[in-house]
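**Q** Please find data_12.pdb (PDB, C-alpha atoms, pLDDT in the B column) on the next line:
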```pdb
ATOM      1  CA  MET A   1      41.694  26.369  10.332  1.00 97.00           C
ATOM      2  CA  ASP A   2      43.593  29.193  12.004  1.00 98.00           C
ATOM      3  CA  ILE A   3      41.766  32.010  13.773  1.00 98.00           C
ATOM      4  CA  LEU A   4      43.920  35.042  14.522  1.00 98.00           C
ATOM      5  CA  PHE A   5      42.601  37.447  17.160  1.00 98.00           C
ATOM      6  CA  ARG A   6      44.556  40.721  16.913  1.00 98.00           C
ATOM      7  CA  LYS A   7      44.454  43.017  19.945  1.00 98.00           C
ATOM      8  CA  LEU A   8      43.873  46.638  18.928  1.00 98.00           C
ATOM      9  CA  PRO A   9      43.924  49.906  20.884  1.00 97.00           C
ATOM     10  CA  ASP A  10      40.897  51.143  22.808  1.00 96.00           C
ATOM     11  CA  ASN A  11      39.685  47.677  23.880  1.00 97.00           C
ATOM     12  CA  GLN A  12      39.106  46.563  20.288  1.00 98.00           C
ATOM     13  CA  HIS A  13      40.097  43.456  18.346  1.00 98.00           C
ATOM     14  CA  GLU A  14      39.892  42.083  14.825  1.00 98.00           C
ATOM     15  CA  ILE A  15      39.798  38.524  13.522  1.00 98.00           C
ATOM     16  CA  LEU A  16      41.376  36.815  10.519  1.00 98.00           C
ATOM     17  CA  VAL A  17      40.265  33.293   9.603  1.00 97.00           C
ATOM     18  CA  ARG A  18      42.365  31.294   7.166  1.00 96.00           C
ATOM     19  CA  ASP A  19      42.843  27.756   5.919  1.00 95.00           C
ATOM     20  CA  ARG A  20      39.162  26.873   6.105  1.00 93.00           C
ATOM     21  CA  ARG A  21      36.809  25.399   3.528  1.00 89.00           C
ATOM     22  CA  GLY A  22      36.062  28.547   1.562  1.00 84.00           C
ATOM     23  CA  PRO A  23      37.899  31.829   1.203  1.00 88.00           C
ATOM     24  CA  ASP A  24      39.797  33.519   4.018  1.00 93.00           C
ATOM     25  CA  ILE A  25      37.612  35.974   5.917  1.00 93.00           C
ATOM     26  CA  ARG A  26      38.072  38.753   8.449  1.00 96.00           C
ATOM     27  CA  LEU A  27      36.060  40.649  10.994  1.00 96.00           C
ATOM     28  CA  THR A  28      37.125  44.263  11.250  1.00 96.00           C
ATOM     29  CA  ALA A  29      37.599  46.111  14.535  1.00 96.00           C
ATOM     30  CA  GLN A  30      35.059  45.148  17.190  1.00 95.00           C
ATOM     31  CA  PRO A  31      34.731  45.988  20.886  1.00 96.00           C
ATOM     32  CA  THR A  32      36.431  43.308  22.955  1.00 95.00           C
ATOM     33  CA  GLY A  33      34.139  43.487  25.950  1.00 87.00           C
ATOM     34  CA  PRO A  34      35.047  43.316  29.602  1.00 90.00           C
ATOM     35  CA  THR A  35      37.533  40.432  29.387  1.00 91.00           C
ATOM     36  CA  VAL A  36      37.781  38.350  26.210  1.00 96.00           C
ATOM     37  CA  PRO A  37      36.417  38.751  22.646  1.00 98.00           C
ATOM     38  CA  HIS A  38      33.066  36.976  22.297  1.00 95.00           C
ATOM     39  CA  ASP A  39      34.259  34.872  19.357  1.00 97.00           C
ATOM     40  CA  LEU A  40      37.319  33.764  21.336  1.00 98.00           C
ATOM     41  CA  VAL A  41      34.972  32.720  24.151  1.00 98.00           C
ATOM     42  CA  HIS A  42      33.149  30.664  21.501  1.00 97.00           C
ATOM     43  CA  ALA A  43      36.375  28.953  20.464  1.00 98.00           C
ATOM     44  CA  ALA A  44      37.329  28.070  24.042  1.00 98.00           C
ATOM     45  CA  VAL A  45      33.888  26.851  25.129  1.00 98.00           C
ATOM     46  CA  GLU A  46      33.082  24.970  21.923  1.00 98.00           C
ATOM     47  CA  GLN A  47      36.440  23.195  22.127  1.00 98.00           C
ATOM     48  CA  ALA A  48      36.002  22.404  25.845  1.00 98.00           C
ATOM     49  CA  LEU A  49      32.572  20.890  25.135  1.00 98.00           C
ATOM     50  CA  GLY A  50      33.713  19.047  22.010  1.00 97.00           C
ATOM     51  CA  LEU A  51      31.260  20.973  19.819  1.00 96.00           C
ATOM     52  CA  THR A  52      32.403  20.553  16.232  1.00 94.00           C
ATOM     53  CA  ASP A  53      29.227  21.875  14.627  1.00 92.00           C
ATOM     54  CA  GLY A  54      28.791  25.176  16.494  1.00 93.00           C
ATOM     55  CA  PHE A  55      29.817  28.649  15.340  1.00 93.00           C
ATOM     56  CA  TRP A  56      33.473  27.856  14.596  1.00 96.00           C
ATOM     57  CA  GLY A  57      32.645  24.446  13.134  1.00 94.00           C
ATOM     58  CA  ALA A  58      30.261  26.120  10.686  1.00 92.00           C
ATOM     59  CA  VAL A  59      32.907  28.727   9.806  1.00 93.00           C
ATOM     60  CA  ALA A  60      35.450  25.935   9.208  1.00 94.00           C
ATOM     61  CA  GLN A  61      32.986  24.316   6.808  1.00 89.00           C
ATOM     62  CA  GLY A  62      32.572  27.535   4.807  1.00 87.00           C
ATOM     63  CA  ALA A  63      29.847  29.542   6.539  1.00 85.00           C
ATOM     64  CA  THR A  64      30.311  33.288   6.838  1.00 82.00           C
ATOM     65  CA  PHE A  65      28.399  35.208   9.479  1.00 82.00           C
ATOM     66  CA  GLN A  66      27.303  38.839   9.560  1.00 79.00           C
ATOM     67  CA  GLY A  67      30.189  41.260   9.860  1.00 86.00           C
ATOM     68  CA  PHE A  68      32.777  38.935   8.328  1.00 88.00           C
ATOM     69  CA  GLU A  69      34.100  39.875   4.913  1.00 88.00           C
ATOM     70  CA  LEU A  70      36.322  38.249   2.313  1.00 88.00           C
ATOM     71  CA  VAL A  71      40.045  38.983   2.653  1.00 92.00           C
ATOM     72  CA  ALA A  72      40.584  38.845  -1.121  1.00 88.00           C
ATOM     73  CA  PRO A  73      37.969  40.371  -3.407  1.00 76.00           C
ATOM     74  CA  GLY A  74      35.985  37.790  -5.307  1.00 69.00           C
ATOM     75  CA  ARG A  75      32.828  35.824  -5.342  1.00 65.00           C
ATOM     76  CA  HIS A  76      31.970  33.842  -2.265  1.00 59.00           C
ATOM     77  CA  ARG A  77      30.625  30.428  -3.065  1.00 56.00           C
ATOM     78  CA  ARG A  78      27.056  29.902  -1.942  1.00 53.00           C
ATOM     79  CA  SER A  79      28.104  26.749  -0.081  1.00 51.00           C
ATOM     80  CA  GLY A  80      28.365  28.854   3.079  1.00 60.00           C
ATOM     81  CA  LEU A  81      24.605  29.337   3.033  1.00 58.00           C
ATOM     82  CA  LYS A  82      24.126  25.585   2.628  1.00 62.00           C
ATOM     83  CA  VAL A  83      26.243  25.005   5.724  1.00 63.00           C
ATOM     84  CA  LEU A  84      24.060  27.373   7.731  1.00 65.00           C
ATOM     85  CA  ARG A  85      20.862  25.720   6.497  1.00 66.00           C
ATOM     86  CA  ARG A  86      22.178  22.291   7.526  1.00 69.00           C
ATOM     87  CA  LYS A  87      23.882  23.322  10.780  1.00 68.00           C
ATOM     88  CA  GLY A  88      21.688  26.184  11.980  1.00 71.00           C
ATOM     89  CA  ASP A  89      20.170  24.298  14.917  1.00 85.00           C
ATOM     90  CA  ALA A  90      23.594  23.134  16.120  1.00 88.00           C
ATOM     91  CA  VAL A  91      25.008  26.655  15.770  1.00 86.00           C
ATOM     92  CA  MET A  92      22.128  28.037  17.862  1.00 89.00           C
ATOM     93  CA  ALA A  93      22.587  25.326  20.506  1.00 92.00           C
ATOM     94  CA  ALA A  94      26.288  26.213  20.689  1.00 93.00           C
ATOM     95  CA  GLU A  95      25.414  29.902  21.074  1.00 91.00           C
ATOM     96  CA  LEU A  96      23.190  29.082  24.058  1.00 93.00           C
ATOM     97  CA  ALA A  97      25.853  26.841  25.636  1.00 97.00           C
ATOM     98  CA  VAL A  98      28.586  29.454  25.161  1.00 96.00           C
ATOM     99  CA  ASN A  99      26.450  32.254  26.574  1.00 95.00           C
ATOM    100  CA  TRP A 100      25.500  30.143  29.612  1.00 96.00           C
ATOM    101  CA  ALA A 101      29.097  29.106  30.251  1.00 97.00           C
ATOM    102  CA  TYR A 102      30.220  32.736  30.031  1.00 97.00           C
ATOM    103  CA  ARG A 103      27.368  33.858  32.302  1.00 95.00           C
ATOM    104  CA  VAL A 104      28.359  31.361  34.998  1.00 97.00           C
ATOM    105  CA  TRP A 105      32.098  32.026  34.605  1.00 98.00           C
ATOM    106  CA  SER A 106      31.719  35.797  34.831  1.00 96.00           C
ATOM    107  CA  GLY A 107      29.380  35.676  37.833  1.00 95.00           C
ATOM    108  CA  LEU A 108      26.262  36.975  36.112  1.00 92.00           C
ATOM    109  CA  PRO A 109      22.890  35.863  37.525  1.00 91.00           C
ATOM    110  CA  THR A 110      21.839  32.321  36.654  1.00 90.00           C
ATOM    111  CA  GLU A 111      18.488  32.408  38.439  1.00 88.00           C
ATOM    112  CA  GLY A 112      15.567  34.772  38.504  1.00 86.00           C
ATOM    113  CA  ARG A 113      12.918  36.245  36.301  1.00 85.00           C
ATOM    114  CA  GLY A 114      13.474  35.603  32.611  1.00 81.00           C
ATOM    115  CA  ILE A 115      16.361  33.186  33.147  1.00 82.00           C
ATOM    116  CA  GLY A 116      15.553  29.635  32.195  1.00 83.00           C
ATOM    117  CA  ARG A 117      17.241  26.386  33.031  1.00 87.00           C
ATOM    118  CA  GLY A 118      20.878  26.307  31.974  1.00 91.00           C
ATOM    119  CA  PRO A 119      21.890  24.015  29.096  1.00 94.00           C
ATOM    120  CA  LEU A 120      25.077  22.808  30.833  1.00 97.00           C
ATOM    121  CA  ASP A 121      25.586  20.459  33.766  1.00 96.00           C
ATOM    122  CA  GLU A 122      28.191  20.815  36.516  1.00 96.00           C
ATOM    123  CA  ALA A 123      30.800  18.757  34.635  1.00 98.00           C
ATOM    124  CA  ASP A 124      30.343  20.923  31.534  1.00 98.00           C
ATOM    125  CA  LEU A 125      30.650  24.068  33.645  1.00 98.00           C
ATOM    126  CA  ALA A 126      33.844  22.795  35.248  1.00 98.00           C
ATOM    127  CA  ARG A 127      35.385  22.162  31.798  1.00 98.00           C
ATOM    128  CA  THR A 128      34.227  25.464  30.344  1.00 98.00           C
ATOM    129  CA  GLY A 129      35.261  27.425  33.427  1.00 98.00           C
ATOM    130  CA  ALA A 130      38.796  26.047  33.196  1.00 98.00           C
ATOM    131  CA  ALA A 131      38.878  26.774  29.460  1.00 98.00           C
ATOM    132  CA  LEU A 132      37.705  30.356  30.020  1.00 98.00           C
ATOM    133  CA  ASP A 133      40.277  30.899  32.774  1.00 98.00           C
ATOM    134  CA  ALA A 134      42.999  29.704  30.402  1.00 98.00           C
ATOM    135  CA  VAL A 135      41.862  31.761  27.414  1.00 98.00           C
ATOM    136  CA  ALA A 136      41.439  34.887  29.548  1.00 98.00           C
ATOM    137  CA  ALA A 137      45.032  34.516  30.739  1.00 98.00           C
ATOM    138  CA  ARG A 138      46.246  33.976  27.171  1.00 98.00           C
ATOM    139  CA  TRP A 139      44.339  37.051  25.937  1.00 98.00           C
ATOM    140  CA  ALA A 140      45.603  39.213  28.802  1.00 98.00           C
ATOM    141  CA  ALA A 141      49.183  38.297  27.831  1.00 98.00           C
ATOM    142  CA  VAL A 142      48.743  39.460  24.215  1.00 98.00           C
ATOM    143  CA  GLU A 143      50.447  42.791  23.543  1.00 97.00           C
ATOM    144  CA  GLU A 144      48.538  45.493  21.675  1.00 97.00           C
ATOM    145  CA  GLY A 145      49.022  44.901  17.942  1.00 98.00           C
ATOM    146  CA  ALA A 146      49.905  41.231  18.443  1.00 98.00           C
ATOM    147  CA  CYS A 147      47.744  38.171  17.747  1.00 98.00           C
ATOM    148  CA  LEU A 148      46.505  35.193  19.663  1.00 98.00           C
ATOM    149  CA  THR A 149      46.281  32.306  17.188  1.00 98.00           C
ATOM    150  CA  TRP A 150      43.642  29.651  17.802  1.00 98.00           C
ATOM    151  CA  ARG A 151      43.949  26.412  15.827  1.00 97.00           C
ATOM    152  CA  TRP A 152      40.545  24.865  15.092  1.00 95.00           C
TER     153      TRP A 152
END
```
Would you mind writing the structure in this file as structure tokens?

**A**
Amino acid sequence: MDILFRKLPDNQHEILVRDRRGPDIRLTAQPTGPTVPHDLVHAAVEQALGLTDGFWGAVAQGATFQGFELVAPGRHRRSGLKVLRRKGDAVMAAELAVNWAYRVWSGLPTEGRGIGRGPLDEADLARTGAALDAVAARWAAVEEGACLTWRW
């Protein structure tokens, strides 16, 4: 599966996903955030942790999440819903791991009221930190209008 992250003006990006099980999909213009698009963070962290059944693994298997739309008009097979029913717990675990890795990497608080125990150990954080450093550098080098292609 190829995931194309296109850098747009005004700190926006869009995503095109192709060559997956199911039809090609896209996510129209979204705010990028302070450094890297959230879904690109997912790709880097999930790959660094070897998570094949997280967000991008589910997308590769045919799931479509809120905000994504079909590239070509047509009927979307209901198999995407089956993927989410089977993989929902793994997708949620990946979401927690990605958010924790990003929190640590970006220097946000990891202790205090309302913050539980992190789902990643020091070795995981070392791998994800290196992956986030690398993807942030790759994203920063992308010219406006150009794409960063992530092979899943």

**Q** For A:Glu95, which residue out of A:Gly145, A:Gly54, A:Gly112, A:Pro34 is the nearest one, using only C-alpha atoms?

**A** A:Gly54

**Q** Report the residues retrieved by the PyMOL selection byres ((chain A and resi 118) around 10) from the displayed file, expressed as number ranges by chain.

**A** A: 96-97, 99-101, 103-104, 110-111, 115-117, 119-121

**Q** Expand the PyMOL selection byres ((chain A and resi 17-19) around 7) into the individual residues it matches in the shown file, reporting them as a list in words.

**A** Met1, Asp2, Ile3, Leu4, Ile15, Leu16, Arg20, Arg21, Asp24, Ile25 and Arg26 of chain A

**Q** I need the chosen residues saved as an mmCIF file, in the coordinates of the input, with C-alpha atoms.

**A**
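Written file, result.cif:
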```
data_model
loop_
_atom_site.group_PDB
_atom_site.id
_atom_site.type_symbol
_atom_site.label_atom_id
_atom_site.label_comp_id
_atom_site.auth_asym_id
_atom_site.auth_seq_id
_atom_site.Cartn_x
_atom_site.Cartn_y
_atom_site.Cartn_z
ATOM 1 C CA MET A 1 41.694 26.369 10.332
ATOM 2 C CA ASP A 2 43.593 29.193 12.004
ATOM 3 C CA ILE A 3 41.766 32.010 13.773
ATOM 4 C CA LEU A 4 43.920 35.042 14.522
ATOM 5 C CA ILE A 15 39.798 38.524 13.522
ATOM 6 C CA LEU A 16 41.376 36.815 10.519
ATOM 7 C CA ARG A 20 39.162 26.873 6.105
ATOM 8 C CA ARG A 21 36.809 25.399 3.528
ATOM 9 C CA ASP A 24 39.797 33.519 4.018
ATOM 10 C CA ILE A 25 37.612 35.974 5.917
ATOM 11 C CA ARG A 26 38.072 38.753 8.449
#
```

**Q** Do you know which residues are at most 10 Å from A:Ala44 counting only C-alpha atoms, after dropping those on the same chain fewer than 4 positions away, and could you put them as a VMD selection string?

**A** chain A and resid 39 to 40 48 to 50 98 127 to 136 150

**Q** Interatomic distance between atom CA of A:Asp53 and atom CA of A:Ala72?

**A** 25.8 Å

**Q** Measuring atom to atom with all atoms listed in the file, identify which of A:Asp124, A:Pro109, A:Arg151, A:Arg138 is nearest to A:Ala43.

**A**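 Answer, going by the shortest atom-to-atom distance: A:Arg151.
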
**Q** Using the chain letters and numbers from the file, which residues does the PyMOL selection byres ((chain A and resi 142) around 12) grab, as a ChimeraX atom specification?

**A** /A:4-9,13,36,135-141,143-149

**Q** Between atom CA of A:Gln61 and atom CA of A:Thr35, what is the distance, to one decimal in Å?

**A**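 Spanning atom CA of A:Gln61 to atom CA of A:Thr35 is a straight-line distance of 28.1 Å.
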
**Q** Can you tell me, as a PyMOL selection string, what residues are no more than 8 Å from A:Thr32 when counting all atoms listed in the file, ignoring any on the same chain fewer than 6 positions away?

**A** chain A and resi 11-13+38

**Q** Suppose you want the space between atom CA of A:Glu69 and atom CA of A:Leu27; what is it in Å?

**A** 6.4 Å

**Q** Closest to A:Ala90 among A:Ala58, A:Gln30, A:Pro23, A:Val45, using all atoms listed in the file?

**A**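 Result for the nearest residue to A:Ala90: A:Ala58.
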
**Q** Using only C-alpha atoms, which residue out of A:Asp10, A:Arg113, A:Trp152, A:Gln47 lies closest to A:Gly33?

**A**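 Result for the nearest residue to A:Gly33: A:Asp10.
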
**Q** Once 4 Å is added on each side, what are the centre and the three edge lengths, in Å to one decimal, of the axis-aligned box enclosing the listed atoms of stretch 28-42 of chain A? Present them as AutoDock Vina command-line options.

**A**
```
--center_x 35.4 --center_y 38.4 --center_z 20.4 --size_x 12.7 --size_y 23.4 --size_z 26.4
```
